[in-house]
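Structure below is input.txt: compact mmCIF, C-alpha atoms and all ligand atoms.
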# COMPACT_ATOMS: atom_id res chain seq x y z
CA MET A 1 41.20 47.65 -69.67
CA ARG A 2 44.71 48.48 -70.81
CA VAL A 3 46.00 47.70 -74.26
CA GLY A 4 49.65 48.66 -74.29
CA GLU A 5 49.83 51.90 -72.34
CA LYS A 6 46.30 53.05 -73.01
CA HIS A 7 42.99 52.39 -71.25
CA TYR A 8 40.27 51.28 -73.64
CA ARG A 9 36.60 50.58 -73.47
CA THR A 10 35.21 48.17 -76.08
CA VAL A 11 32.78 50.79 -77.38
CA TRP A 12 32.49 54.54 -76.83
CA ARG A 13 30.97 57.71 -78.31
CA GLU A 14 32.58 60.96 -79.46
CA GLY A 15 30.02 63.43 -80.82
CA SER A 16 27.74 61.48 -83.12
CA THR A 17 30.36 58.83 -83.98
CA ILE A 18 30.62 55.49 -82.21
CA PHE A 19 34.08 53.94 -81.87
CA LEU A 20 34.46 50.20 -81.49
CA ILE A 21 37.41 47.85 -81.05
CA ASP A 22 37.18 45.74 -84.21
CA GLN A 23 36.87 42.23 -82.76
CA ASN A 24 36.91 40.60 -86.19
CA GLN A 25 40.55 41.63 -86.54
CA LEU A 26 41.66 40.38 -83.13
CA PRO A 27 43.94 38.79 -82.07
CA PHE A 28 45.98 39.57 -85.16
CA HIS A 29 45.41 43.33 -85.46
CA PHE A 30 44.24 45.88 -82.93
CA ALA A 31 42.08 48.33 -84.87
CA ILE A 32 39.35 50.83 -84.05
CA HIS A 33 36.23 50.91 -86.20
CA GLU A 34 34.22 54.14 -86.65
CA ALA A 35 30.45 54.04 -87.05
CA LYS A 36 29.20 57.45 -88.11
CA THR A 37 25.49 56.67 -88.41
CA TYR A 38 23.06 54.39 -86.58
CA LYS A 39 23.04 52.16 -89.68
CA ASP A 40 26.84 51.87 -89.49
CA THR A 41 26.51 50.79 -85.86
CA CYS A 42 23.83 48.23 -86.83
CA HIS A 43 26.26 46.86 -89.41
CA ALA A 44 29.00 46.62 -86.77
CA ILE A 45 26.71 44.61 -84.47
CA LYS A 46 25.47 42.33 -87.25
CA THR A 47 28.92 41.54 -88.59
CA MET A 48 30.31 41.07 -85.07
CA ILE A 49 32.84 43.89 -85.23
CA VAL A 50 31.32 44.37 -81.78
CA ARG A 51 30.03 41.27 -80.00
CA GLY A 52 29.31 39.91 -76.56
CA ALA A 53 26.13 40.61 -74.62
CA GLY A 54 27.11 43.82 -72.79
CA ALA A 55 29.11 45.35 -75.64
CA ILE A 56 26.20 44.67 -78.02
CA GLY A 57 23.88 46.32 -75.47
CA ALA A 58 26.04 49.42 -75.18
CA ALA A 59 26.47 49.66 -78.97
CA ALA A 60 22.71 49.27 -79.45
CA GLY A 61 22.05 52.05 -76.92
CA TYR A 62 24.50 54.33 -78.72
CA ALA A 63 22.94 53.41 -82.10
CA MET A 64 19.52 54.41 -80.77
CA ALA A 65 21.00 57.73 -79.58
CA GLN A 66 22.60 58.25 -83.03
CA ALA A 67 19.16 57.76 -84.63
CA PHE A 68 17.78 60.59 -82.44
CA LEU A 69 20.74 62.82 -83.36
CA GLU A 70 20.13 62.06 -87.06
CA HIS A 71 16.47 63.14 -86.74
CA THR A 72 15.46 59.99 -88.57
CA ASP A 73 12.40 57.75 -88.05
CA VAL A 74 13.37 56.48 -84.59
CA GLU A 75 10.71 53.75 -84.51
CA GLN A 76 12.14 52.27 -87.69
CA ALA A 77 15.66 52.70 -86.30
CA LYS A 78 14.66 50.77 -83.15
CA LYS A 79 13.40 47.93 -85.36
CA ASP A 80 16.58 47.99 -87.44
CA ILE A 81 18.78 47.82 -84.35
CA GLU A 82 16.69 45.04 -82.79
CA THR A 83 16.97 42.83 -85.86
CA THR A 84 20.77 42.84 -85.88
CA ARG A 85 21.14 40.01 -83.33
CA PRO A 86 18.23 38.29 -81.58
CA THR A 87 19.57 36.51 -78.47
CA ALA A 88 21.34 39.02 -76.20
CA GLN A 89 18.78 40.56 -73.86
CA ASN A 90 21.12 43.53 -73.21
CA LEU A 91 20.40 44.77 -76.77
CA PHE A 92 16.62 45.00 -76.20
CA TYR A 93 17.12 46.43 -72.72
CA ALA A 94 19.27 49.22 -74.21
CA THR A 95 17.04 50.12 -77.18
CA SER A 96 13.91 50.36 -74.99
CA ARG A 97 15.67 52.47 -72.35
CA VAL A 98 17.09 54.96 -74.87
CA PHE A 99 13.89 55.05 -76.96
CA THR A 100 11.80 56.23 -74.01
CA ALA A 101 14.45 58.42 -72.36
CA HIS A 102 14.05 62.16 -71.87
CA ASP A 103 17.67 62.59 -73.00
CA PRO A 104 18.61 59.67 -75.32
CA VAL A 105 22.32 60.56 -75.54
CA LYS A 106 22.67 60.75 -71.77
CA GLU A 107 20.75 57.50 -71.33
CA ALA A 108 22.96 55.64 -73.84
CA GLN A 109 26.03 56.84 -71.96
CA SER A 110 24.54 55.78 -68.66
CA ILE A 111 23.85 52.26 -70.01
CA ALA A 112 27.50 51.93 -71.02
CA ASP A 113 28.76 53.32 -67.70
CA LYS A 114 26.45 51.06 -65.69
CA ASP A 115 27.60 48.02 -67.66
CA ALA A 116 31.23 48.77 -66.78
CA ALA A 117 30.39 49.41 -63.11
CA ALA A 118 28.28 46.21 -62.87
CA CYS A 119 31.09 44.13 -64.34
CA LYS A 120 33.57 45.55 -61.82
CA ARG A 121 31.23 44.53 -58.98
CA ILE A 122 30.80 41.07 -60.51
CA GLY A 123 34.57 40.68 -60.27
CA GLU A 124 34.53 41.62 -56.59
CA TYR A 125 31.69 39.25 -55.74
CA GLY A 126 32.96 36.43 -57.95
CA GLN A 127 36.57 36.37 -56.73
CA VAL A 128 35.46 34.66 -53.50
CA LEU A 129 35.00 31.47 -55.56
CA PHE A 130 38.75 31.40 -56.14
CA HIS A 131 41.07 29.79 -53.60
CA SER A 132 44.85 30.16 -53.47
CA HIS A 133 45.18 27.92 -56.59
CA THR A 134 42.16 27.57 -58.87
CA ARG A 135 41.81 25.97 -62.28
CA VAL A 136 38.79 27.42 -63.97
CA LEU A 137 37.16 26.48 -67.28
CA THR A 138 35.51 29.18 -69.39
CA HIS A 139 33.65 29.07 -72.69
CA CYS A 140 33.45 31.72 -75.43
CA ASN A 141 34.50 35.24 -74.46
CA ALA A 142 32.83 36.84 -71.49
CA GLY A 143 35.79 39.11 -70.82
CA TRP A 144 36.08 42.86 -71.17
CA LEU A 145 35.77 42.67 -74.97
CA ALA A 146 32.27 41.23 -74.54
CA PHE A 147 31.23 44.14 -72.29
CA VAL A 148 32.13 47.78 -72.00
CA ASP A 149 34.94 47.01 -69.55
CA TYR A 150 36.10 44.31 -67.04
CA GLY A 151 33.83 41.55 -68.43
CA THR A 152 31.68 39.09 -66.52
CA ALA A 153 33.14 35.57 -66.35
CA LEU A 154 36.69 36.95 -66.59
CA SER A 155 36.19 39.84 -64.17
CA PRO A 156 36.47 37.53 -61.09
CA VAL A 157 39.57 35.95 -62.67
CA TYR A 158 41.24 39.36 -63.02
CA GLU A 159 40.20 40.35 -59.50
CA ALA A 160 41.39 37.06 -57.97
CA GLN A 161 44.77 37.43 -59.64
CA ARG A 162 44.99 41.06 -58.50
CA ARG A 163 44.46 39.80 -54.95
CA GLY A 164 47.43 37.46 -55.27
CA LYS A 165 45.58 34.21 -55.96
CA SER A 166 47.00 31.83 -58.53
CA VAL A 167 44.62 31.16 -61.42
CA LEU A 168 44.88 28.85 -64.41
CA VAL A 169 42.19 29.36 -67.05
CA TRP A 170 41.28 26.52 -69.41
CA VAL A 171 39.99 28.35 -72.50
CA ASP A 172 37.51 26.47 -74.71
CA GLU A 173 38.40 27.43 -78.28
CA THR A 174 34.64 27.89 -78.97
CA ARG A 175 34.03 26.79 -82.52
CA PRO A 176 32.95 27.94 -84.99
CA ARG A 177 34.03 31.58 -84.52
CA GLY A 178 36.74 30.84 -81.99
CA GLN A 179 35.91 33.57 -79.46
CA GLY A 180 37.82 31.58 -76.82
CA ALA A 181 40.96 30.90 -78.84
CA ARG A 182 41.00 34.36 -80.40
CA LEU A 183 39.56 36.79 -77.85
CA THR A 184 39.68 35.23 -74.38
CA ALA A 185 43.23 34.02 -74.98
CA TRP A 186 44.23 37.50 -76.24
CA GLU A 187 42.75 39.18 -73.16
CA LEU A 188 44.34 36.74 -70.71
CA HIS A 189 47.70 37.02 -72.44
CA HIS A 190 47.62 40.82 -72.09
CA GLU A 191 46.61 40.56 -68.42
CA HIS A 192 49.39 38.01 -67.77
CA VAL A 193 46.92 35.37 -66.58
CA MET A 194 48.08 31.75 -66.93
CA HIS A 195 45.92 30.02 -69.51
CA MET A 196 45.72 27.18 -72.02
CA VAL A 197 43.45 26.99 -75.06
CA ILE A 198 41.78 23.58 -75.27
CA PRO A 199 39.68 21.93 -77.99
CA ASP A 200 35.96 22.27 -77.30
CA ASN A 201 35.64 18.54 -76.75
CA ALA A 202 38.41 18.23 -74.13
CA ALA A 203 36.58 19.52 -71.04
CA ALA A 204 34.93 16.26 -69.96
CA SER A 205 38.25 14.48 -70.02
CA LEU A 206 39.95 17.26 -68.01
CA MET A 207 37.11 17.13 -65.48
CA SER A 208 37.37 13.34 -65.18
CA HIS A 209 41.07 13.70 -64.32
CA GLY A 210 40.38 16.28 -61.60
CA ASN A 211 41.94 19.18 -63.53
CA ILE A 212 39.02 21.63 -63.31
CA ASP A 213 37.88 23.16 -59.99
CA LEU A 214 35.27 25.56 -61.29
CA VAL A 215 33.37 26.43 -64.47
CA LEU A 216 32.60 30.10 -65.02
CA VAL A 217 30.77 31.39 -68.10
CA GLY A 218 28.69 34.39 -69.15
CA ALA A 219 25.07 34.61 -70.30
CA ASP A 220 23.24 36.32 -73.13
CA ARG A 221 19.77 36.02 -71.60
CA ILE A 222 18.51 34.74 -68.25
CA ALA A 223 14.91 33.60 -67.80
CA GLN A 224 12.89 34.15 -64.62
CA ASN A 225 13.45 30.54 -63.46
CA GLY A 226 17.25 30.82 -63.81
CA ASP A 227 17.59 29.01 -67.15
CA ILE A 228 20.27 30.74 -69.22
CA ALA A 229 21.09 31.16 -72.90
CA ASN A 230 24.78 31.31 -73.69
CA LYS A 231 27.20 30.44 -76.49
CA ILE A 232 26.60 27.07 -78.12
CA GLY A 233 28.47 24.39 -76.17
CA THR A 234 27.66 25.81 -72.74
CA LEU A 235 24.96 23.21 -72.10
CA GLU A 236 27.41 20.39 -72.75
CA LYS A 237 29.89 21.85 -70.22
CA ALA A 238 27.12 22.24 -67.65
CA ILE A 239 26.02 18.61 -67.99
CA CYS A 240 29.63 17.45 -67.67
CA ALA A 241 30.24 19.66 -64.62
CA LYS A 242 27.19 18.21 -62.86
CA ALA A 243 28.31 14.65 -63.69
CA PHE A 244 31.70 15.31 -62.08
CA GLY A 245 30.41 17.40 -59.14
CA ILE A 246 32.15 20.60 -60.29
CA PRO A 247 30.52 23.98 -59.43
CA PHE A 248 29.07 25.68 -62.51
CA TYR A 249 28.62 29.46 -62.21
CA ILE A 250 27.18 32.10 -64.52
CA ALA A 251 28.36 35.72 -64.35
CA ALA A 252 26.03 38.37 -65.79
CA PRO A 253 24.67 41.82 -64.98
CA ILE A 254 21.01 42.13 -63.91
CA ALA A 255 20.30 43.72 -67.35
CA THR A 256 20.70 40.22 -68.83
CA ILE A 257 17.64 38.93 -66.97
CA ASP A 258 14.51 38.91 -69.13
CA PHE A 259 11.51 38.57 -66.82
CA ALA A 260 9.26 38.19 -69.88
CA TYR A 261 10.57 34.63 -70.17
CA VAL A 262 9.27 32.29 -67.46
CA SER A 263 11.75 29.64 -68.57
CA GLY A 264 14.49 29.39 -71.19
CA LYS A 265 12.41 27.23 -73.48
CA ASN A 266 11.33 29.97 -75.90
CA ILE A 267 14.40 32.21 -75.84
CA PRO A 268 15.14 33.07 -79.51
CA ILE A 269 18.29 31.33 -80.68
CA GLU A 270 20.24 33.01 -83.46
CA GLU A 271 21.16 30.80 -86.39
CA ARG A 272 24.21 32.12 -88.22
CA SER A 273 25.69 31.47 -91.65
CA GLN A 274 26.89 27.95 -92.43
CA ASN A 275 30.10 29.51 -93.75
CA GLU A 276 31.24 30.14 -90.16
CA VAL A 277 31.39 26.34 -89.73
CA LEU A 278 32.70 25.45 -93.17
CA TYR A 279 35.46 28.07 -93.36
CA GLN A 280 38.07 29.32 -90.90
CA THR A 281 40.05 32.54 -91.00
CA GLY A 282 43.55 32.80 -89.59
CA MET A 283 46.95 34.32 -90.07
CA THR A 284 49.42 32.81 -92.53
CA LYS A 285 53.14 32.66 -91.80
CA HIS A 286 53.46 35.74 -94.03
CA LYS A 287 51.17 37.58 -91.60
CA ALA A 288 48.25 37.87 -94.01
CA LEU A 289 44.70 37.01 -92.97
CA GLU A 290 43.33 34.14 -95.01
CA THR A 291 40.06 32.23 -95.08
CA ILE A 292 40.17 28.55 -95.98
CA LEU A 293 37.62 25.74 -96.40
CA VAL A 294 37.89 23.22 -93.53
CA ALA A 295 35.04 20.84 -94.38
CA SER A 296 34.40 18.49 -97.24
CA PRO A 297 33.66 20.55 -100.40
CA GLY A 298 29.93 20.59 -101.09
CA SER A 299 28.78 19.71 -97.55
CA GLY A 300 26.30 21.98 -95.81
CA ALA A 301 26.41 23.00 -92.13
CA TYR A 302 24.01 23.96 -89.34
CA ASN A 303 25.14 26.81 -87.09
CA PRO A 304 23.01 27.59 -84.01
CA ALA A 305 24.93 30.29 -82.11
CA PHE A 306 23.52 29.70 -78.61
CA ASP A 307 22.02 26.99 -76.40
CA VAL A 308 19.94 27.03 -73.23
CA THR A 309 21.23 25.55 -69.97
CA PRO A 310 18.45 24.60 -67.55
CA ALA A 311 18.65 26.04 -64.03
CA GLU A 312 19.16 22.57 -62.48
CA TYR A 313 22.74 22.54 -63.82
CA ILE A 314 23.63 25.96 -62.41
CA THR A 315 25.23 26.36 -58.98
CA GLY A 316 24.95 30.14 -58.85
CA ILE A 317 24.60 33.37 -60.81
CA ILE A 318 27.07 36.16 -60.02
CA THR A 319 25.56 39.62 -60.53
CA GLU A 320 26.47 43.15 -59.48
CA LYS A 321 24.09 42.70 -56.54
CA GLY A 322 25.64 39.48 -55.24
CA ILE A 323 25.62 35.75 -55.96
CA PHE A 324 22.19 34.13 -56.31
CA THR A 325 20.92 30.61 -56.82
CA PRO A 326 18.85 30.22 -60.02
CA GLU A 327 15.70 29.96 -57.82
CA GLU A 328 16.43 33.40 -56.36
CA ILE A 329 16.43 35.13 -59.79
CA ALA A 330 12.63 35.54 -59.87
CA MET A 331 12.67 37.60 -56.67
CA LEU A 332 15.04 40.17 -58.22
CA LYS A 333 12.04 41.43 -60.21
CA ALA A 334 10.58 42.93 -57.08
CA ARG A 335 13.79 44.84 -56.20
O1 LIG B 1 28.05 35.51 -80.45
P1 LIG B 1 28.80 36.35 -79.47
O2 LIG B 1 30.27 36.29 -79.61
O3 LIG B 1 28.26 37.75 -79.36
O4 LIG B 1 28.51 35.58 -78.16
C1 LIG B 1 27.92 36.11 -77.09
C2 LIG B 1 28.81 35.90 -76.01
O5 LIG B 1 29.65 36.74 -75.80
C3 LIG B 1 28.83 34.66 -75.26
O6 LIG B 1 27.74 33.86 -75.39
C4 LIG B 1 29.20 34.94 -73.85
O7 LIG B 1 29.57 33.78 -73.23
C5 LIG B 1 28.07 35.60 -73.11
S1 LIG B 1 28.57 36.82 -72.12
C6 LIG B 1 29.03 38.05 -73.19

As structure tokens, what does this structure read like?
Amino acid sequence: MRVGEKHYRTVWREGSTIFLIDQNQLPFHFAIHEAKTYKDTCHAIKTMIVRGAGAIGAAAGYAMAQAFLEHTDVEQAKKDIETTRPTAQNLFYATSRVFTAHDPVKEAQSIADKDAAACKRIGEYGQVLFHSHTRVLTHCNAGWLAFVDYGTALSPVYEAQRRGKSVLVWVDETRPRGQGARLTAWELHHEHVMHMVIPDNAAASLMSHGNIDLVLVGADRIAQNGDIANKIGTLEKAICAKAFGIPFYIAAPIATIDFAYVSGKNIPIEERSQNEVLYQTGMTKHKALETILVASPGSGAYNPAFDVTPAEYITGIITEKGIFTPEEIAMLKAR
């Protein structure tokens, strides 16, 4: 995607260094982070300099390739990479592929390239859900920042707009880290897509007033039966959408499907630091980044980063191979 006059991917490799758009600094500063070793790349994944299922997957693949280039203990490196973040299936898909590849560097590059190509296809398949005027709700950031390029849930939005359709995106702010307010809004602003950031608890009301035509979100892991894990708050939106008869779609590449999970029940859910709930970081009027306490001093917080939406709430899953019902996911194993 373009930032200013330049085309960027979220993560890329030059020699043995991995370059990443620093998502912790967005939307206030656009900065590139350099990870020179596989441990640096692990740190970037863990601290969410790079985040989002596909971008994490690509970074993990590159980290595995760096470990080979460093001639280090690659089995230990694989373990280190896999303990950075536990929920996104794309991470485990990438480490296993690169670990067993004949040419690890080439394989890591191919994972990143395939992610970008899959997301482009998702946009082409998904844009059919958009009519001449569509108001779509999205949660978290499943745009190009969350993948190598194009994104998943936002790829159909970009494609629909490119084809002349009018799109309004309702952007859930996505507490506690604010990926919607910070990242999705930043992306949409730069792509000149009409959008409004809304509080996380506003969607049901908007649905009840007939202001949402479609819900479109990403996924971090998809089980064989079509249950999906995604950013905390997704389940709530799915239940609301069903109550108001609004189509609820997931957009994700096939690499997000984990056939080892028969249902979503046992998908590992990352629990993150309570400080993400208790504190918020933003820009002051003097343009400095500042972190402030936003909860009652002394209170603790619980911070599960993902939830699981059962297949019964999902209308369809948009992949690079077409749009499937949750029931059809199991048959993709045979393909
Ligand atoms: O914790 P994050 O920001 O890495 O969250 C993962 C996600 O990007 C979302 O859950 C998204 O909706 C899934 S698709 C990338």

Could you list, as a PyMOL selection string, all the residues within 8 Å of ligand LIG 1 (chain B), counting all atoms listed in the file?
chain A and resi 48+50-56+88+139-143+146-147+151-153+177+179+217-220+229-232+251-252+305-306

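Coordinates place atom CA of Leu20 of chain A at a distance of 19.8 Å from atom CA of Tyr93 of chain A.
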
Find the residues of segment 166-193 of chain A that sit at most 8 Å from segment 114-134 of chain A; for each, write down the nearest two atoms and how far apart they are in Å, to one decimal. Count only C-alpha atoms. Sort by chain, then by number going up, and give it as JSON lines.
{"residue": "A:Ser166", "atom": "CA", "partner": "A:His133", "partner_atom": "CA", "distance": 4.7}
{"residue": "A:Val167", "atom": "CA", "partner": "A:Thr134", "partner_atom": "CA", "distance": 5.0}
{"residue": "A:Leu168", "atom": "CA", "partner": "A:Thr134", "partner_atom": "CA", "distance": 6.3}

Any chance you could export the current selection's C-alpha atoms as a PDB file, keeping the file's coordinate frame?
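The resulting file, part37.pdb, is shown below:
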ATOM      1  CA  SER A 166      47.000  31.830 -58.530  1.00  0.00           C
ATOM      2  CA  VAL A 167      44.620  31.160 -61.420  1.00  0.00           C
ATOM      3  CA  LEU A 168      44.880  28.850 -64.410  1.00  0.00           C
TER       4      LEU A 168
END

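If you count all atoms listed in the file and ignore residues fewer than 4 places along the chain from segment 66-83 of chain A, what sits within 9 Å of it is Ser16, Thr17, Ile18, Lys36, Thr37, Tyr38, Lys39, Thr41, Cys42, Ile45, Lys46, Ala60, Gly61, Tyr62, Leu91, Phe92, Thr95, Ser96, Phe99, Pro104 and Val105 of chain A.
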
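One distance worth recording is that between atom CA of Met194 of chain A and atom CA of Trp170 of chain A, which is 8.9 Å.
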
Of the candidates A:Lys242, A:Trp144, A:Thr87, A:Ala31, which shows the shortest atom-to-atom distance to Met1 of chain A, using only C-alpha atoms?
A:Trp144

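Taking atom CA of Asp307 of chain A and atom CA of Ile269 of chain A as the two end points, the separation is 7.1 Å.
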
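Counting all atoms listed in the file, the residue from A:Pro253, A:Gly282, A:Gly210, A:Gly57 that sits nearest to Asn24 of chain A is A:Gly282.
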
Which residues come within 12 Å of Ala204 of chain A, counting all atoms listed in the file, excluding same-chain residues fewer than 6 positions away, as a VMD selection string?
chain A and resid 137 172 198 210 to 212 215 236 to 246

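With distances restricted to all atoms listed in the file, A:Arg135 is the closest residue to Met207 of chain A from A:Arg135, A:Asn225, A:Gln25, A:Ser263.
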
Start from the incomplete input, build all heavy atoms for segment 320-330 of chain A, and deliver everything as a PDB file, keeping the file's coordinate frame.
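Below is the file part_33.pdb, written as the result:
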ATOM      1  N   GLU A 320      25.925  41.984 -60.181  1.00  0.00           N
ATOM      2  CA  GLU A 320      26.470  43.150 -59.480  1.00  0.00           C
ATOM      3  C   GLU A 320      25.807  43.357 -58.118  1.00  0.00           C
ATOM      4  O   GLU A 320      26.226  44.206 -57.334  1.00  0.00           O
ATOM      5  CB  GLU A 320      26.364  44.418 -60.339  1.00  0.00           C
ATOM      6  CG  GLU A 320      24.957  44.967 -60.568  1.00  0.00           C
ATOM      7  CD  GLU A 320      24.256  44.330 -61.762  1.00  0.00           C
ATOM      8  OE1 GLU A 320      24.511  43.137 -62.051  1.00  0.00           O
ATOM      9  OE2 GLU A 320      23.425  45.023 -62.393  1.00  0.00           O
ATOM     10  N   LYS A 321      24.748  42.559 -57.843  1.00  0.00           N
ATOM     11  CA  LYS A 321      24.090  42.700 -56.540  1.00  0.00           C
ATOM     12  C   LYS A 321      24.402  41.512 -55.620  1.00  0.00           C
ATOM     13  O   LYS A 321      23.781  41.352 -54.572  1.00  0.00           O
ATOM     14  CB  LYS A 321      22.587  42.821 -56.737  1.00  0.00           C
ATOM     15  CG  LYS A 321      22.216  44.110 -57.431  1.00  0.00           C
ATOM     16  CD  LYS A 321      20.773  44.460 -57.236  1.00  0.00           C
ATOM     17  CE  LYS A 321      20.501  45.840 -57.824  1.00  0.00           C
ATOM     18  NZ  LYS A 321      19.130  46.016 -58.223  1.00  0.00           N
ATOM     19  N   GLY A 322      25.272  40.631 -56.059  1.00  0.00           N
ATOM     20  CA  GLY A 322      25.640  39.480 -55.240  1.00  0.00           C
ATOM     21  C   GLY A 322      25.482  38.185 -56.025  1.00  0.00           C
ATOM     22  O   GLY A 322      25.154  38.200 -57.204  1.00  0.00           O
ATOM     23  N   ILE A 323      25.715  37.067 -55.317  1.00  0.00           N
ATOM     24  CA  ILE A 323      25.620  35.750 -55.960  1.00  0.00           C
ATOM     25  C   ILE A 323      24.292  35.122 -55.552  1.00  0.00           C
ATOM     26  O   ILE A 323      23.977  35.029 -54.367  1.00  0.00           O
ATOM     27  CB  ILE A 323      26.796  34.842 -55.555  1.00  0.00           C
ATOM     28  CG1 ILE A 323      28.129  35.523 -55.884  1.00  0.00           C
ATOM     29  CG2 ILE A 323      26.701  33.489 -56.279  1.00  0.00           C
ATOM     30  CD1 ILE A 323      29.376  34.719 -55.541  1.00  0.00           C
ATOM     31  N   PHE A 324      23.519  34.692 -56.562  1.00  0.00           N
ATOM     32  CA  PHE A 324      22.190  34.130 -56.310  1.00  0.00           C
ATOM     33  C   PHE A 324      22.104  32.708 -56.837  1.00  0.00           C
ATOM     34  O   PHE A 324      22.801  32.351 -57.794  1.00  0.00           O
ATOM     35  CB  PHE A 324      21.119  34.978 -57.013  1.00  0.00           C
ATOM     36  CG  PHE A 324      21.103  36.403 -56.535  1.00  0.00           C
ATOM     37  CD1 PHE A 324      21.788  37.401 -57.224  1.00  0.00           C
ATOM     38  CD2 PHE A 324      20.437  36.751 -55.363  1.00  0.00           C
ATOM     39  CE1 PHE A 324      21.798  38.713 -56.773  1.00  0.00           C
ATOM     40  CE2 PHE A 324      20.430  38.072 -54.908  1.00  0.00           C
ATOM     41  CZ  PHE A 324      21.120  39.050 -55.614  1.00  0.00           C
ATOM     42  N   THR A 325      21.225  31.916 -56.225  1.00  0.00           N
ATOM     43  CA  THR A 325      20.920  30.610 -56.820  1.00  0.00           C
ATOM     44  C   THR A 325      19.938  30.895 -57.959  1.00  0.00           C
ATOM     45  O   THR A 325      19.267  31.946 -57.962  1.00  0.00           O
ATOM     46  CB  THR A 325      20.242  29.673 -55.800  1.00  0.00           C
ATOM     47  OG1 THR A 325      19.001  30.267 -55.410  1.00  0.00           O
ATOM     48  CG2 THR A 325      21.133  29.418 -54.595  1.00  0.00           C
ATOM     49  N   PRO A 326      19.800  29.979 -58.923  1.00  0.00           N
ATOM     50  CA  PRO A 326      18.850  30.220 -60.020  1.00  0.00           C
ATOM     51  C   PRO A 326      17.436  30.473 -59.485  1.00  0.00           C
ATOM     52  O   PRO A 326      16.710  31.317 -60.021  1.00  0.00           O
ATOM     53  CB  PRO A 326      18.913  28.926 -60.828  1.00  0.00           C
ATOM     54  CG  PRO A 326      20.242  28.341 -60.527  1.00  0.00           C
ATOM     55  CD  PRO A 326      20.580  28.744 -59.128  1.00  0.00           C
ATOM     56  N   GLU A 327      17.056  29.793 -58.391  1.00  0.00           N
ATOM     57  CA  GLU A 327      15.700  29.960 -57.820  1.00  0.00           C
ATOM     58  C   GLU A 327      15.490  31.385 -57.311  1.00  0.00           C
ATOM     59  O   GLU A 327      14.358  31.868 -57.226  1.00  0.00           O
ATOM     60  CB  GLU A 327      15.454  28.991 -56.655  1.00  0.00           C
ATOM     61  CG  GLU A 327      15.555  27.507 -57.001  1.00  0.00           C
ATOM     62  CD  GLU A 327      16.997  27.043 -57.189  1.00  0.00           C
ATOM     63  OE1 GLU A 327      17.865  27.433 -56.387  1.00  0.00           O
ATOM     64  OE2 GLU A 327      17.258  26.306 -58.169  1.00  0.00           O
ATOM     65  N   GLU A 328      16.557  32.037 -56.927  1.00  0.00           N
ATOM     66  CA  GLU A 328      16.430  33.400 -56.360  1.00  0.00           C
ATOM     67  C   GLU A 328      16.277  34.480 -57.440  1.00  0.00           C
ATOM     68  O   GLU A 328      15.986  35.635 -57.117  1.00  0.00           O
ATOM     69  CB  GLU A 328      17.648  33.715 -55.489  1.00  0.00           C
ATOM     70  CG  GLU A 328      17.642  32.943 -54.178  1.00  0.00           C
ATOM     71  CD  GLU A 328      18.950  33.079 -53.398  1.00  0.00           C
ATOM     72  OE1 GLU A 328      20.021  33.197 -54.028  1.00  0.00           O
ATOM     73  OE2 GLU A 328      18.905  33.041 -52.165  1.00  0.00           O
ATOM     74  N   ILE A 329      16.483  34.117 -58.714  1.00  0.00           N
ATOM     75  CA  ILE A 329      16.430  35.130 -59.790  1.00  0.00           C
ATOM     76  C   ILE A 329      15.057  35.795 -59.865  1.00  0.00           C
ATOM     77  O   ILE A 329      14.953  37.019 -60.003  1.00  0.00           O
ATOM     78  CB  ILE A 329      16.833  34.494 -61.148  1.00  0.00           C
ATOM     79  CG1 ILE A 329      18.321  34.173 -61.157  1.00  0.00           C
ATOM     80  CG2 ILE A 329      16.478  35.404 -62.329  1.00  0.00           C
ATOM     81  CD1 ILE A 329      19.264  35.368 -61.013  1.00  0.00           C
ATOM     82  N   ALA A 330      14.002  35.004 -59.745  1.00  0.00           N
ATOM     83  CA  ALA A 330      12.630  35.540 -59.870  1.00  0.00           C
ATOM     84  C   ALA A 330      12.383  36.673 -58.883  1.00  0.00           C
ATOM     85  O   ALA A 330      11.728  37.671 -59.214  1.00  0.00           O
ATOM     86  CB  ALA A 330      11.628  34.425 -59.676  1.00  0.00           C
TER      87      ALA A 330
END
